[in-house]
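model.pdb follows (PDB, C-alpha atoms and all ligand atoms):
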```pdb
ATOM      1  CA  MET A   1      41.117 117.928  62.599
ATOM      2  CA  ASN A   2      41.332 114.800  60.627
ATOM      3  CA  GLN A   3      43.956 112.320  61.589
ATOM      4  CA  GLN A   4      44.280 110.493  58.326
ATOM      5  CA  LYS A   5      44.706 113.621  56.311
ATOM      6  CA  THR A   6      47.163 114.859  58.916
ATOM      7  CA  ALA A   7      49.220 111.673  58.804
ATOM      8  CA  ASN A   8      49.090 111.590  55.047
ATOM      9  CA  ASP A   9      49.820 115.253  54.647
ATOM     10  CA  ILE A  10      52.841 114.985  56.860
ATOM     11  CA  SER A  11      54.251 112.015  55.004
ATOM     12  CA  ARG A  12      53.470 113.579  51.616
ATOM     13  CA  ARG A  13      55.065 116.806  52.740
ATOM     14  CA  THR A  14      58.133 114.892  53.832
ATOM     15  CA  LEU A  15      58.321 113.138  50.486
ATOM     16  CA  LEU A  16      57.810 116.425  48.717
ATOM     17  CA  GLN A  17      60.627 118.032  50.670
ATOM     18  CA  TYR A  18      62.972 115.234  49.700
ATOM     19  CA  SER A  19      62.010 115.299  46.052
ATOM     20  CA  THR A  20      62.102 119.112  45.875
ATOM     21  CA  ALA A  21      65.547 119.163  47.408
ATOM     22  CA  LEU A  22      66.912 116.593  45.035
ATOM     23  CA  GLY A  23      65.045 117.430  41.873
ATOM     24  CA  ALA A  24      61.718 116.446  40.434
ATOM     25  CA  GLY A  25      61.267 113.103  38.803
ATOM     26  CA  MET A  26      63.392 111.137  41.250
ATOM     27  CA  LEU A  27      61.794 108.193  42.878
ATOM     28  CA  ALA A  28      60.614 109.192  46.317
ATOM     29  CA  GLY A  29      61.274 105.722  47.720
ATOM     30  CA  SER A  30      64.995 105.972  47.083
ATOM     31  CA  LEU A  31      65.197 109.325  48.868
ATOM     32  CA  LEU A  32      63.772 108.168  52.136
ATOM     33  CA  PRO A  33      65.928 107.411  55.164
ATOM     34  CA  GLU A  34      67.099 103.818  55.119
ATOM     35  CA  TRP A  35      64.829 102.860  57.990
ATOM     36  CA  LEU A  36      61.678 104.193  56.357
ATOM     37  CA  SER A  37      60.138 102.437  53.366
ATOM     38  CA  ALA A  38      57.893 104.365  50.970
ATOM     39  CA  GLU A  39      55.086 102.089  52.067
ATOM     40  CA  ASP A  40      55.600 102.954  55.713
ATOM     41  CA  ALA A  41      55.906 106.659  54.925
ATOM     42  CA  GLU A  42      52.429 106.528  53.417
ATOM     43  CA  ARG A  43      50.993 104.392  56.205
ATOM     44  CA  LEU A  44      48.122 106.032  58.048
ATOM     45  CA  PHE A  45      48.446 106.654  61.761
ATOM     46  CA  PRO A  46      46.322 104.093  63.614
ATOM     47  CA  THR A  47      43.600 105.516  65.830
ATOM     48  CA  PRO A  48      44.881 105.138  69.407
ATOM     49  CA  GLN A  49      43.387 102.672  71.833
ATOM     50  CA  GLN A  50      41.678 104.228  74.862
ATOM     51  CA  THR A  51      39.879 102.668  77.770
ATOM     52  CA  ALA A  52      36.337 101.423  77.260
ATOM     53  CA  GLY A  53      35.566 102.951  80.651
ATOM     54  CA  PRO A  54      33.076 101.540  83.137
ATOM     55  CA  PHE A  55      29.926 102.184  81.124
ATOM     56  CA  TYR A  56      30.129  99.884  78.111
ATOM     57  CA  PRO A  57      26.495  98.917  77.633
ATOM     58  CA  VAL A  58      26.758  95.137  77.772
ATOM     59  CA  PRO A  59      24.530  93.293  77.065
ATOM     60  CA  GLU A  60      22.092  95.872  75.801
ATOM     61  CA  ILE A  61      24.128  96.909  72.770
ATOM     62  CA  ALA A  62      24.137  93.371  71.448
ATOM     63  CA  LYS A  63      20.360  93.191  71.383
ATOM     64  CA  GLN A  64      18.630  93.788  68.130
ATOM     65  CA  THR A  65      16.458  96.571  69.509
ATOM     66  CA  HIS A  66      17.305 100.165  70.250
ATOM     67  CA  ASN A  67      20.771  99.948  68.752
ATOM     68  CA  ASP A  68      20.332 101.479  65.317
ATOM     69  CA  VAL A  69      22.143 104.545  63.953
ATOM     70  CA  ASP A  70      19.691 107.114  65.304
ATOM     71  CA  LEU A  71      20.422 107.601  68.991
ATOM     72  CA  THR A  72      18.224 110.669  69.317
ATOM     73  CA  ARG A  73      15.194 108.453  69.976
ATOM     74  CA  LYS A  74      14.389 104.810  70.461
ATOM     75  CA  PHE A  75      11.764 104.432  67.739
ATOM     76  CA  PRO A  76      11.291 106.555  64.613
ATOM     77  CA  LYS A  77       8.020 108.044  65.848
ATOM     78  CA  ASP A  78       9.174 108.716  69.390
ATOM     79  CA  GLU A  79       9.891 112.142  70.759
ATOM     80  CA  ILE A  80      13.518 113.258  70.436
ATOM     81  CA  ALA A  81      15.779 113.199  73.491
ATOM     82  CA  LYS A  82      16.887 116.420  75.174
ATOM     83  CA  GLY A  83      19.935 118.267  73.872
ATOM     84  CA  GLU A  84      21.506 119.292  70.579
ATOM     85  CA  VAL A  85      21.226 116.846  67.685
ATOM     86  CA  VAL A  86      24.568 116.205  65.968
ATOM     87  CA  GLN A  87      25.826 113.831  63.332
ATOM     88  CA  VAL A  88      29.066 111.956  63.477
ATOM     89  CA  GLY A  89      30.419 109.774  60.732
ATOM     90  CA  GLY A  90      33.453 108.903  58.718
ATOM     91  CA  GLN A  91      35.280 106.024  57.190
ATOM     92  CA  ILE A  92      36.877 102.954  58.723
ATOM     93  CA  LEU A  93      40.237 102.414  57.041
ATOM     94  CA  SER A  94      43.223 100.131  57.203
ATOM     95  CA  THR A  95      46.648 101.712  57.640
ATOM     96  CA  THR A  96      47.066 101.472  53.867
ATOM     97  CA  GLY A  97      43.948 103.600  53.423
ATOM     98  CA  ALA A  98      41.701 100.781  52.231
ATOM     99  CA  PRO A  99      38.053 101.095  53.319
ATOM    100  CA  LEU A 100      37.078  98.241  55.632
ATOM    101  CA  LYS A 101      33.733  96.744  54.765
ATOM    102  CA  GLY A 102      31.795  94.504  57.126
ATOM    103  CA  THR A 103      33.203  96.343  60.133
ATOM    104  CA  ILE A 104      31.088  96.556  63.284
ATOM    105  CA  VAL A 105      30.987 100.092  64.648
ATOM    106  CA  GLU A 106      29.486 100.683  68.074
ATOM    107  CA  ILE A 107      29.201 103.978  69.905
ATOM    108  CA  TRP A 108      27.937 104.789  73.374
ATOM    109  CA  GLN A 109      27.849 107.993  75.326
ATOM    110  CA  ALA A 110      26.316 110.140  78.031
ATOM    111  CA  SER A 111      23.102 112.109  77.521
ATOM    112  CA  THR A 112      23.122 115.899  77.294
ATOM    113  CA  ALA A 113      22.997 115.953  81.108
ATOM    114  CA  GLY A 114      26.122 113.809  81.337
ATOM    115  CA  ARG A 115      24.508 110.555  82.415
ATOM    116  CA  TYR A 116      25.036 107.054  80.989
ATOM    117  CA  ASN A 117      22.328 104.455  80.901
ATOM    118  CA  HIS A 118      24.350 102.059  82.999
ATOM    119  CA  PRO A 119      23.861 100.691  86.515
ATOM    120  CA  ARG A 120      27.379 101.769  87.492
ATOM    121  CA  ASP A 121      26.774 105.418  86.642
ATOM    122  CA  ARG A 122      26.119 107.120  89.997
ATOM    123  CA  ASN A 123      25.725 110.596  88.520
ATOM    124  CA  PRO A 124      22.544 111.896  90.241
ATOM    125  CA  VAL A 125      21.241 113.803  87.193
ATOM    126  CA  PRO A 126      18.043 112.232  85.825
ATOM    127  CA  LEU A 127      18.234 109.607  83.101
ATOM    128  CA  ASP A 128      16.766 110.744  79.773
ATOM    129  CA  ASN A 129      14.542 107.832  78.855
ATOM    130  CA  LYS A 130      14.007 109.157  75.361
ATOM    131  CA  PHE A 131      17.691 108.884  74.501
ATOM    132  CA  GLN A 132      19.012 105.669  72.945
ATOM    133  CA  PHE A 133      22.485 106.003  74.560
ATOM    134  CA  TRP A 134      24.185 103.604  72.131
ATOM    135  CA  GLY A 135      24.166 102.616  68.483
ATOM    136  CA  ARG A 136      25.596  99.963  66.246
ATOM    137  CA  MET A 137      26.052  99.414  62.524
ATOM    138  CA  ILE A 138      28.083  97.453  60.008
ATOM    139  CA  THR A 139      29.972  99.212  57.217
ATOM    140  CA  GLY A 140      29.382  98.544  53.539
ATOM    141  CA  GLU A 141      31.890  98.473  50.661
ATOM    142  CA  ASP A 142      32.961 102.074  51.240
ATOM    143  CA  GLY A 143      33.805 101.492  54.917
ATOM    144  CA  LYS A 144      31.629 104.445  55.873
ATOM    145  CA  TYR A 145      29.607 104.797  59.041
ATOM    146  CA  ALA A 146      27.262 107.490  60.368
ATOM    147  CA  PHE A 147      25.227 108.080  63.502
ATOM    148  CA  LYS A 148      22.733 110.732  64.472
ATOM    149  CA  THR A 149      22.971 111.482  68.157
ATOM    150  CA  ILE A 150      22.784 114.094  70.900
ATOM    151  CA  ARG A 151      25.882 116.082  71.770
ATOM    152  CA  PRO A 152      27.128 114.383  74.956
ATOM    153  CA  GLY A 153      27.227 116.448  78.136
ATOM    154  CA  GLU A 154      30.073 116.771  80.567
ATOM    155  CA  TYR A 155      30.245 114.621  83.631
ATOM    156  CA  PRO A 156      32.624 114.864  86.565
ATOM    157  CA  GLY A 157      36.247 114.475  85.605
ATOM    158  CA  ARG A 158      35.814 114.170  81.843
ATOM    159  CA  SER A 159      35.609 116.354  78.761
ATOM    160  CA  PRO A 160      32.641 115.496  76.490
ATOM    161  CA  HIS A 161      33.358 112.426  74.378
ATOM    162  CA  ILE A 162      31.814 109.571  72.433
ATOM    163  CA  HIS A 163      33.029 106.026  73.003
ATOM    164  CA  TYR A 164      33.748 103.727  70.064
ATOM    165  CA  ARG A 165      34.266 100.014  69.714
ATOM    166  CA  VAL A 166      35.271  98.927  66.218
ATOM    167  CA  ILE A 167      35.653  95.321  65.109
ATOM    168  CA  ALA A 168      37.154  94.646  61.674
ATOM    169  CA  ALA A 169      38.326  91.284  60.344
ATOM    170  CA  GLY A 170      42.100  90.923  60.360
ATOM    171  CA  HIS A 171      42.587  93.970  62.577
ATOM    172  CA  ARG A 172      43.060  94.617  66.246
ATOM    173  CA  GLU A 173      39.757  95.354  67.960
ATOM    174  CA  LEU A 174      39.647  99.031  68.790
ATOM    175  CA  PHE A 175      38.235 100.785  71.833
ATOM    176  CA  THR A 176      38.637 104.516  71.542
ATOM    177  CA  GLN A 177      36.994 107.851  72.338
ATOM    178  CA  MET A 178      36.259 110.866  70.163
ATOM    179  CA  TYR A 179      36.486 114.447  71.508
ATOM    180  CA  PHE A 180      35.080 117.769  70.362
ATOM    181  CA  ALA A 181      37.644 120.314  69.112
ATOM    182  CA  GLU A 182      35.738 123.208  70.656
ATOM    183  CA  PHE A 183      36.577 121.920  74.156
ATOM    184  CA  GLY A 184      40.290 122.592  73.655
ATOM    185  CA  ARG A 185      41.196 123.334  77.277
ATOM    186  CA  LYS A 186      38.841 120.815  78.782
ATOM    187  CA  ASN A 187      40.239 118.194  76.448
ATOM    188  CA  THR A 188      43.830 118.871  77.424
ATOM    189  CA  ALA A 189      42.835 118.704  81.108
ATOM    190  CA  ASP A 190      41.111 115.341  80.596
ATOM    191  CA  PHE A 191      43.239 112.560  82.091
ATOM    192  CA  ILE A 192      42.589 110.111  79.269
ATOM    193  CA  TYR A 193      42.983 112.646  76.455
ATOM    194  CA  LYS A 194      46.206 114.029  77.865
ATOM    195  CA  SER A 195      47.716 110.576  78.133
ATOM    196  CA  LEU A 196      47.705 110.355  74.314
ATOM    197  CA  SER A 197      50.557 111.453  72.060
ATOM    198  CA  ARG A 198      50.094 114.706  70.169
ATOM    199  CA  GLN A 199      49.364 112.812  66.989
ATOM    200  CA  GLY A 200      46.996 110.591  68.929
ATOM    201  CA  ARG A 201      45.132 113.596  70.340
ATOM    202  CA  ASN A 202      44.813 115.166  66.908
ATOM    203  CA  SER A 203      43.502 111.918  65.514
ATOM    204  CA  VAL A 204      40.590 111.752  67.969
ATOM    205  CA  THR A 205      39.699 115.465  68.055
ATOM    206  CA  VAL A 206      36.875 116.362  65.725
ATOM    207  CA  GLU A 207      35.517 119.705  64.586
ATOM    208  CA  PHE A 208      31.766 119.882  64.335
ATOM    209  CA  ASN A 209      30.535 122.350  61.749
ATOM    210  CA  LYS A 210      27.007 123.530  61.291
ATOM    211  CA  ALA A 211      25.771 124.337  57.813
ATOM    212  CA  ALA A 212      22.634 126.494  57.514
ATOM    213  CA  ASP A 213      19.482 124.568  58.422
ATOM    214  CA  LYS A 214      21.485 121.461  59.183
ATOM    215  CA  VAL A 215      22.604 119.865  62.409
ATOM    216  CA  ALA A 216      26.255 120.141  63.412
ATOM    217  CA  ALA A 217      28.266 117.384  61.775
ATOM    218  CA  GLY A 218      31.702 115.978  62.480
ATOM    219  CA  ASN A 219      33.942 113.671  60.483
ATOM    220  CA  PHE A 220      35.852 111.076  62.454
ATOM    221  CA  ASP A 221      37.780 108.612  60.314
ATOM    222  CA  VAL A 222      39.098 105.588  62.130
ATOM    223  CA  VAL A 223      42.288 103.756  61.172
ATOM    224  CA  MET A 224      42.486 100.159  62.299
ATOM    225  CA  ASP A 225      45.814  98.651  63.250
ATOM    226  CA  LYS A 226      46.890  95.188  62.257
ATOM    227  CA  THR A 227      46.454  92.402  64.788
TER     228      THR A 227
HETATM  229 FE    FE A 301      32.740 108.057  78.977
END
```
In structure tokens, write the structure found in this file.
Amino acid sequence: MNQQKTANDISRRTLLQYSTALGAGMLAGSLLPEWLSAEDAERLFPTPQQTAGPFYPVPEIAKQTHNDVDLTRKFPKDEIAKGEVVQVGGQILSTTGAPLKGTIVEIWQASTAGRYNHPRDRNPVPLDNKFQFWGRMITGEDGKYAFKTIRPGEYPGRSPHIHYRVIAAGHRELFTQMYFAEFGRKNTADFIYKSLSRQGRNSVTVEFNKAADKVAAGNFDVVMDKT
């Protein structure tokens, strides 16, 4: 599920319905309800804010070591952490659909066993010292980001998820979480996920597809709201 396409598709469909009903060639803007401008109808749905949770990896994530885009290991020659390697990436956009360059994208998550590398995590499962646990990058002109990581495990009370913090100039700082579409029921039972609107849930639920000989990959576009 891709939130931006969903939001866009819905608004385009709405416009299409209006213009089909009233004849082709008419200006869509003039056919919209009074309260909805054409600009707003095309506005992308902002990715919803969600709690950062108790395990944000301060101050480690700010250090210049072990925070690159490959979370599967700490150094390129190291052994890979336990679990299934996955890729997650997408584009950071404004609500007008413009790619946001120079945006800081941070992710952090549990290991395959469901444990965070954080002193407050009391989960008794062993810590996987090979796993990097967090990553950080800055987007280029195209607003794109990508991380290679390990599919996060479940831990008590939560459906598997990846935490995001996104900082873009001129936009509200975003803390959010991304969920895996395959955990449909677990997601809807998750107290944070179920607190979101339907559109909000769709916007943070990502399908991971596995092409032959490749790792499973998911696309999670993020729409930043204005300050
Ligand atoms: Fe979490």
I'd like the interatomic distance between CA of Glu154 in chain A and CA of Arg201 in chain A, to a tenth of an Å. 18.5 Å
Would you mind listing the residues within 10 Å of ligand FE 301 (chain A), counting all atoms listed in the file, as a PDB file with C-alpha atoms, keeping the file's coordinate frame?
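And here is the file that came out, selection05.pdb:
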```
ATOM      1  CA  THR A  51      39.879 102.668  77.770  1.00  0.00           C
ATOM      2  CA  ALA A  52      36.337 101.423  77.260  1.00  0.00           C
ATOM      3  CA  GLY A  53      35.566 102.951  80.651  1.00  0.00           C
ATOM      4  CA  PRO A  54      33.076 101.540  83.137  1.00  0.00           C
ATOM      5  CA  PHE A  55      29.926 102.184  81.124  1.00  0.00           C
ATOM      6  CA  TYR A  56      30.129  99.884  78.111  1.00  0.00           C
ATOM      7  CA  TRP A 108      27.937 104.789  73.374  1.00  0.00           C
ATOM      8  CA  GLN A 109      27.849 107.993  75.326  1.00  0.00           C
ATOM      9  CA  ALA A 110      26.316 110.140  78.031  1.00  0.00           C
ATOM     10  CA  GLY A 114      26.122 113.809  81.337  1.00  0.00           C
ATOM     11  CA  ARG A 115      24.508 110.555  82.415  1.00  0.00           C
ATOM     12  CA  TYR A 116      25.036 107.054  80.989  1.00  0.00           C
ATOM     13  CA  PRO A 152      27.128 114.383  74.956  1.00  0.00           C
ATOM     14  CA  GLU A 154      30.073 116.771  80.567  1.00  0.00           C
ATOM     15  CA  TYR A 155      30.245 114.621  83.631  1.00  0.00           C
ATOM     16  CA  GLY A 157      36.247 114.475  85.605  1.00  0.00           C
ATOM     17  CA  ARG A 158      35.814 114.170  81.843  1.00  0.00           C
ATOM     18  CA  SER A 159      35.609 116.354  78.761  1.00  0.00           C
ATOM     19  CA  PRO A 160      32.641 115.496  76.490  1.00  0.00           C
ATOM     20  CA  HIS A 161      33.358 112.426  74.378  1.00  0.00           C
ATOM     21  CA  ILE A 162      31.814 109.571  72.433  1.00  0.00           C
ATOM     22  CA  HIS A 163      33.029 106.026  73.003  1.00  0.00           C
ATOM     23  CA  TYR A 164      33.748 103.727  70.064  1.00  0.00           C
ATOM     24  CA  GLN A 177      36.994 107.851  72.338  1.00  0.00           C
ATOM     25  CA  MET A 178      36.259 110.866  70.163  1.00  0.00           C
TER      26      MET A 178
END
```
Quick one: apply the PyMOL selection byres (((chain A and resi 84) around 8) and not hetatm) to the file and drop the selected residues here as an mmCIF file with C-alpha atoms, keeping the file's coordinate frame.
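What follows is the written file selection03.cif:
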```
data_model
loop_
_atom_site.group_PDB
_atom_site.id
_atom_site.type_symbol
_atom_site.label_atom_id
_atom_site.label_comp_id
_atom_site.auth_asym_id
_atom_site.auth_seq_id
_atom_site.Cartn_x
_atom_site.Cartn_y
_atom_site.Cartn_z
ATOM 1 C CA LYS A 82 16.887 116.420 75.174
ATOM 2 C CA GLY A 83 19.935 118.267 73.872
ATOM 3 C CA VAL A 85 21.226 116.846 67.685
ATOM 4 C CA VAL A 86 24.568 116.205 65.968
ATOM 5 C CA THR A 112 23.122 115.899 77.294
ATOM 6 C CA ILE A 150 22.784 114.094 70.900
ATOM 7 C CA ARG A 151 25.882 116.082 71.770
#
```
Hits of the PyMOL selection byres (((chain A and resi 48) around 12) and not hetatm) in this structure, as a PyMOL selection string: chain A and resi 3+44-47+49-51+164-166+172-178+192-193+195-205+222-225
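You can rank A:Pro124, A:Val88, A:Gly102, A:Asn67 by their closest distance to Gly170 in chain A using only C-alpha atoms, and at the top of that list sits A:Gly102.
CA of Lys101 in chain A is positioned 18.9 Å from CA of Arg43 in chain A.
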Would you mind listing what lies within 10 Å of Met137 in chain A as a PDB file with C-alpha atoms, keeping the file's coordinate frame, with all atoms listed in the file counted and same-chain residues fewer than 5 positions away left out?
```pdb
ATOM      1  CA  ASN A  67      20.771  99.948  68.752  1.00  0.00           C
ATOM      2  CA  ASP A  68      20.332 101.479  65.317  1.00  0.00           C
ATOM      3  CA  VAL A  69      22.143 104.545  63.953  1.00  0.00           C
ATOM      4  CA  GLY A 102      31.795  94.504  57.126  1.00  0.00           C
ATOM      5  CA  THR A 103      33.203  96.343  60.133  1.00  0.00           C
ATOM      6  CA  ILE A 104      31.088  96.556  63.284  1.00  0.00           C
ATOM      7  CA  VAL A 105      30.987 100.092  64.648  1.00  0.00           C
ATOM      8  CA  GLU A 106      29.486 100.683  68.074  1.00  0.00           C
ATOM      9  CA  ILE A 107      29.201 103.978  69.905  1.00  0.00           C
ATOM     10  CA  TYR A 145      29.607 104.797  59.041  1.00  0.00           C
ATOM     11  CA  ALA A 146      27.262 107.490  60.368  1.00  0.00           C
ATOM     12  CA  PHE A 147      25.227 108.080  63.502  1.00  0.00           C
ATOM     13  CA  VAL A 166      35.271  98.927  66.218  1.00  0.00           C
TER      14      VAL A 166
END
```
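You can rank A:Phe131, A:Asp190, A:Trp35, A:Ala113 by their closest distance to His66 in chain A using all atoms listed in the file, and at the top of that list sits A:Phe131.
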Enclose the full set of atoms of range 66-71 of chain A listed in the file within a box whose edges lie along x, y and z, apply 3 Å of padding to each of the six sides, and report centre and edge lengths in Å to one decimal as AutoDock Vina command-line options.
```
--center_x 19.7 --center_y 103.8 --center_z 67.1 --size_x 10.8 --size_y 13.7 --size_z 12.3
```
CA of Glu79 in chain A and CA of Lys63 in chain A, how far apart in Å? 21.7 Å
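Using all atoms listed in the file, the nearest neighbour of Pro57 in chain A within the list A:Phe208, A:Trp134, A:Phe220, A:Tyr179 is A:Trp134.
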